[in-house]
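Notes follow once the structure below has been shown.
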Amino acid sequence: MNTFISPIKKENPIIWVKFLLILLAIFYAWSIAGTLGILVDYVQCKSCHLGLYLFLKFSSLFYIPWAFYKLSKPKKLWGWIYIYAEQLFSLVIHVGMAYSYFKGKGSINGFLIPLMIRGFFVYCLCIDPLAEYFGAYVGYRQIARTVIIPFAVIYILIMYLF
């Protein structure tokens, strides 16, 4: 693993930042396209109600462009926080989906692939030179994990218990 990470230097992380942002943009474009499909289905449905899952899904239509807008600003910390929070929250949610997968109600595509993708982005956003480029020093990363993981666990409990 060190051979893959060692090319990321503190002096010039901009190449890796651009690569990560291109991957994130592709991932989020795919995600927004899926959300728009769900939105069209929801609008056409007469007896559908807006649940917590749909609310969070539809809020991503505003949240994701806002995060990329914040990343384009000179002070990129808030953009990093928005994207890191969403990735970490989704990673914990997908770990929580392991329950439905192993109970036979889920699919490997709905569990393992998103888990690997989200894990990759969370890991990349925390590599020191990349995180420091965005202004996210160790303290910010620890605070983000301390706040986001309990919210994700509470969300999982709400979804499975109620």
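Every chain in the structure tokens takes a letter, A first, then B, and so on in the order presented; its residues are numbered from 1, and the ligands are numbered from 1 following the presented order.
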
Find the nearest atom pair between each residue of segment 48-104 of chain A and segment 25-39 of chain A for residues within 10 Å, count only C-alpha atoms, give distances in Å to one decimal, sort rows by chain and ascending number, and present the table as a tab-separated table.
residue	atom	partner	partner_atom	distance
A:Leu54	CA	A:Ile38	CA	8.5
A:Lys57	CA	A:Thr35	CA	6.5
A:Phe58	CA	A:Thr35	CA	6.7
A:Ser59	CA	A:Thr35	CA	9.6
A:Ser60	CA	A:Ile32	CA	7.5
A:Leu61	CA	A:Ile32	CA	6.4
A:Phe62	CA	A:Ile32	CA	9.8
A:Ile64	CA	A:Tyr28	CA	7.3
A:Pro65	CA	A:Tyr28	CA	9.2
A:Phe68	CA	A:Ala25	CA	8.6

Can I get the selection written as a PDB file, in the first residue's frame, with N, CA, C and O atoms?
ATOM      1  N   LEU A  54     -36.055   9.300   1.472  1.00  0.00           N
ATOM      2  CA  LEU A  54     -36.290  10.132   0.286  1.00  0.00           C
ATOM      3  C   LEU A  54     -35.885  11.579   0.524  1.00  0.00           C
ATOM      4  O   LEU A  54     -35.346  12.240  -0.360  1.00  0.00           O
ATOM      5  N   LYS A  57     -32.195  11.712   0.229  1.00  0.00           N
ATOM      6  CA  LYS A  57     -31.835  11.501  -1.177  1.00  0.00           C
ATOM      7  C   LYS A  57     -32.071  12.768  -1.997  1.00  0.00           C
ATOM      8  O   LYS A  57     -31.220  13.173  -2.787  1.00  0.00           O
ATOM      9  N   PHE A  58     -33.242  13.411  -1.787  1.00  0.00           N
ATOM     10  CA  PHE A  58     -33.550  14.622  -2.552  1.00  0.00           C
ATOM     11  C   PHE A  58     -32.692  15.810  -2.111  1.00  0.00           C
ATOM     12  O   PHE A  58     -32.390  16.683  -2.914  1.00  0.00           O
ATOM     13  N   SER A  59     -32.302  15.850  -0.850  1.00  0.00           N
ATOM     14  CA  SER A  59     -31.458  16.961  -0.394  1.00  0.00           C
ATOM     15  C   SER A  59     -30.077  16.905  -1.041  1.00  0.00           C
ATOM     16  O   SER A  59     -29.394  17.931  -1.131  1.00  0.00           O
ATOM     17  N   SER A  60     -29.665  15.725  -1.513  1.00  0.00           N
ATOM     18  CA  SER A  60     -28.365  15.624  -2.180  1.00  0.00           C
ATOM     19  C   SER A  60     -28.344  16.407  -3.490  1.00  0.00           C
ATOM     20  O   SER A  60     -27.275  16.781  -3.968  1.00  0.00           O
ATOM     21  N   LEU A  61     -29.517  16.672  -4.067  1.00  0.00           N
ATOM     22  CA  LEU A  61     -29.563  17.474  -5.294  1.00  0.00           C
ATOM     23  C   LEU A  61     -29.081  18.904  -5.059  1.00  0.00           C
ATOM     24  O   LEU A  61     -28.612  19.574  -5.976  1.00  0.00           O
ATOM     25  N   PHE A  62     -29.208  19.379  -3.832  1.00  0.00           N
ATOM     26  CA  PHE A  62     -28.729  20.714  -3.476  1.00  0.00           C
ATOM     27  C   PHE A  62     -27.383  20.650  -2.758  1.00  0.00           C
ATOM     28  O   PHE A  62     -26.540  21.515  -2.925  1.00  0.00           O
ATOM     29  N   ILE A  64     -24.815  18.388  -2.895  1.00  0.00           N
ATOM     30  CA  ILE A  64     -23.615  18.047  -3.667  1.00  0.00           C
ATOM     31  C   ILE A  64     -23.110  19.236  -4.491  1.00  0.00           C
ATOM     32  O   ILE A  64     -21.917  19.551  -4.433  1.00  0.00           O
ATOM     33  N   PRO A  65     -23.978  19.936  -5.241  1.00  0.00           N
ATOM     34  CA  PRO A  65     -23.459  21.121  -5.945  1.00  0.00           C
ATOM     35  C   PRO A  65     -22.916  22.190  -4.991  1.00  0.00           C
ATOM     36  O   PRO A  65     -21.921  22.850  -5.297  1.00  0.00           O
ATOM     37  N   PHE A  68     -19.355  21.209  -3.966  1.00  0.00           N
ATOM     38  CA  PHE A  68     -18.375  21.489  -5.014  1.00  0.00           C
ATOM     39  C   PHE A  68     -18.166  22.995  -5.196  1.00  0.00           C
ATOM     40  O   PHE A  68     -17.070  23.439  -5.510  1.00  0.00           O
TER      41      PHE A  68
END

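Every protein or nucleic acid residue with an atom no more than 9 Å from segment 117-120 of chain A, counting only C-alpha atoms and leaving out same-chain residues fewer than 6 positions away, appears here: A:Phe27, A:Gln87, A:Leu88, A:Ser90, A:Leu91, A:His94.
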
Check your understanding: Within 8 Å of Leu130 of chain A, counting only C-alpha atoms, which residues qualify if same-chain residues fewer than 4 places away don't, as a count of residues only?
Key -> 7

Exercise for review: Considering only C-alpha atoms, return as a list in words whatever protein or nucleic-acid residues lie within 10 Å of segment 135-142 of chain A, sequence-local ones (same chain, fewer than 5 positions apart) excluded.
Suggested key: Lys75, Lys76, Leu77, Trp78, Trp80, Ile81, Tyr84, Ala85, Leu125, Cys126, Asp128, Pro129, Leu130 and Val147 of chain A

Write out, as a CSV table (one decimal), in the first residue's frame, the residues just selected, with all heavy atoms.
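Result went into out_36.csv, see below:
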chain,number,residue,atom,x,y,z
A,75,LYS,N,-10.9,29.3,0.4
A,75,LYS,CA,-10.9,28.5,1.6
A,75,LYS,C,-11.7,27.3,1.4
A,75,LYS,O,-12.9,27.3,1.5
A,75,LYS,CB,-11.4,29.4,2.8
A,75,LYS,CG,-10.5,30.5,3.1
A,75,LYS,CD,-11.0,31.2,4.3
A,75,LYS,CE,-10.0,32.4,4.6
A,75,LYS,NZ,-10.1,32.9,5.9
A,76,LYS,N,-11.1,26.2,1.1
A,76,LYS,CA,-11.7,24.9,0.7
A,76,LYS,C,-12.2,24.1,1.9
A,76,LYS,O,-12.7,23.0,1.6
A,76,LYS,CB,-10.8,24.1,-0.2
A,76,LYS,CG,-10.4,24.8,-1.4
A,76,LYS,CD,-9.2,24.2,-2.1
A,76,LYS,CE,-8.7,24.8,-3.4
A,76,LYS,NZ,-9.0,26.1,-3.7
A,77,LEU,N,-11.9,24.5,3.1
A,77,LEU,CA,-12.2,23.6,4.2
A,77,LEU,C,-13.7,23.2,4.3
A,77,LEU,O,-14.0,22.0,4.5
A,77,LEU,CB,-11.8,24.3,5.6
A,77,LEU,CG,-12.1,23.5,6.8
A,77,LEU,CD1,-11.4,22.2,6.8
A,77,LEU,CD2,-11.8,24.3,8.0
A,78,TRP,N,-14.6,24.1,4.1
A,78,TRP,CA,-16.0,23.8,4.2
A,78,TRP,C,-16.4,22.8,3.1
A,78,TRP,O,-17.3,21.9,3.3
A,78,TRP,CB,-16.9,25.0,4.2
A,78,TRP,CG,-16.9,25.6,5.5
A,78,TRP,CD1,-16.3,26.8,5.9
A,78,TRP,CD2,-17.6,25.1,6.7
A,78,TRP,NE1,-16.5,27.0,7.2
A,78,TRP,CE2,-17.3,26.0,7.7
A,78,TRP,CE3,-18.4,24.0,6.9
A,78,TRP,CZ2,-17.8,25.8,9.0
A,78,TRP,CZ3,-18.9,23.8,8.2
A,78,TRP,CH2,-18.6,24.7,9.2
A,80,TRP,N,-14.5,20.5,1.8
A,80,TRP,CA,-13.9,19.3,2.3
A,80,TRP,C,-14.8,18.7,3.4
A,80,TRP,O,-15.1,17.5,3.4
A,80,TRP,CB,-12.5,19.4,2.8
A,80,TRP,CG,-11.9,18.1,3.3
A,80,TRP,CD1,-11.2,17.2,2.6
A,80,TRP,CD2,-12.0,17.6,4.7
A,80,TRP,NE1,-10.9,16.2,3.4
A,80,TRP,CE2,-11.3,16.4,4.7
A,80,TRP,CE3,-12.6,18.1,5.8
A,80,TRP,CZ2,-11.2,15.6,5.8
A,80,TRP,CZ3,-12.5,17.3,7.0
A,80,TRP,CH2,-11.8,16.1,7.0
A,81,ILE,N,-15.3,19.5,4.3
A,81,ILE,CA,-16.1,19.0,5.4
A,81,ILE,C,-17.4,18.5,4.8
A,81,ILE,O,-17.9,17.4,5.3
A,81,ILE,CB,-16.4,20.2,6.4
A,81,ILE,CG1,-15.2,20.5,7.2
A,81,ILE,CG2,-17.6,19.8,7.4
A,81,ILE,CD1,-15.2,21.7,8.1
A,84,TYR,N,-16.6,15.2,3.0
A,84,TYR,CA,-16.1,14.1,3.9
A,84,TYR,C,-17.3,13.7,4.8
A,84,TYR,O,-17.5,12.5,5.0
A,84,TYR,CB,-15.0,14.7,4.8
A,84,TYR,CG,-14.4,13.7,5.7
A,84,TYR,CD1,-13.7,12.6,5.3
A,84,TYR,CD2,-14.7,13.8,7.1
A,84,TYR,CE1,-13.1,11.7,6.1
A,84,TYR,CE2,-14.2,12.8,8.0
A,84,TYR,CZ,-13.4,11.8,7.5
A,84,TYR,OH,-12.9,10.9,8.3
A,85,ALA,N,-18.1,14.6,5.2
A,85,ALA,CA,-19.3,14.2,6.0
A,85,ALA,C,-20.2,13.3,5.3
A,85,ALA,O,-20.7,12.3,5.8
A,85,ALA,CB,-20.0,15.5,6.5
A,125,LEU,N,-9.7,11.2,1.3
A,125,LEU,CA,-9.9,12.5,1.8
A,125,LEU,C,-9.1,12.7,3.1
A,125,LEU,O,-8.9,13.9,3.6
A,125,LEU,CB,-11.3,12.8,2.1
A,125,LEU,CG,-12.2,13.0,0.8
A,125,LEU,CD1,-13.7,13.0,1.1
A,125,LEU,CD2,-11.8,14.4,0.2
A,126,CYS,N,-8.6,11.6,3.7
A,126,CYS,CA,-7.9,11.7,5.0
A,126,CYS,C,-6.4,11.6,4.8
A,126,CYS,O,-5.6,11.7,5.8
A,126,CYS,CB,-8.4,10.7,6.0
A,126,CYS,SG,-9.9,11.2,6.7
A,128,ASP,N,-2.8,12.7,4.6
A,128,ASP,CA,-2.3,14.0,5.1
A,128,ASP,C,-2.1,15.1,4.1
A,128,ASP,O,-2.7,16.2,4.2
A,128,ASP,CB,-1.1,13.8,5.9
A,128,ASP,CG,-1.4,13.2,7.3
A,128,ASP,OD1,-2.5,13.4,7.8
A,128,ASP,OD2,-0.5,12.6,7.9
A,129,PRO,N,-1.3,14.9,3.0
A,129,PRO,CA,-1.1,16.0,2.1
A,129,PRO,C,-2.4,16.5,1.4
A,129,PRO,O,-2.6,17.7,1.2
A,129,PRO,CB,-0.2,15.4,1.0
A,129,PRO,CG,0.5,14.3,1.7
A,129,PRO,CD,-0.5,13.7,2.6
A,130,LEU,N,-3.3,15.5,1.1
A,130,LEU,CA,-4.6,15.9,0.4
A,130,LEU,C,-5.5,16.7,1.4
A,130,LEU,O,-6.0,17.7,1.1
A,130,LEU,CB,-5.3,14.7,-0.1
A,130,LEU,CG,-4.6,13.9,-1.2
A,130,LEU,CD1,-5.4,12.8,-1.7
A,130,LEU,CD2,-4.2,14.8,-2.4
A,147,VAL,N,-18.6,13.5,15.3
A,147,VAL,CA,-19.9,14.0,15.1
A,147,VAL,C,-20.7,13.2,14.1
A,147,VAL,O,-21.9,12.8,14.3
A,147,VAL,CB,-19.9,15.5,14.6
A,147,VAL,CG1,-21.3,16.0,14.2
A,147,VAL,CG2,-19.3,16.4,15.7

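Take atom CA of Leu20 of chain A and atom CA of Val122 of chain A: the distance between them is 10.9 Å.
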
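Reported to one decimal place, the separation of atom CA of Pro114 of chain A from atom CA of Leu21 of chain A is 17.7 Å.
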
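Atom pair atom CA of Tyr53 of chain A / atom CA of Ile22 of chain A: separated by 27.0 Å.
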
Exercise for review: Determine which residues of chain A receive a DSSP assignment of helix (DSSP H, G or I), computed from the backbone, and state them as a VMD selection string.
Suggested key: chain A and resid 2 to 5 14 to 44 52 to 71 77 to 96 98 to 102 108 to 126 128 to 133 138 to 161
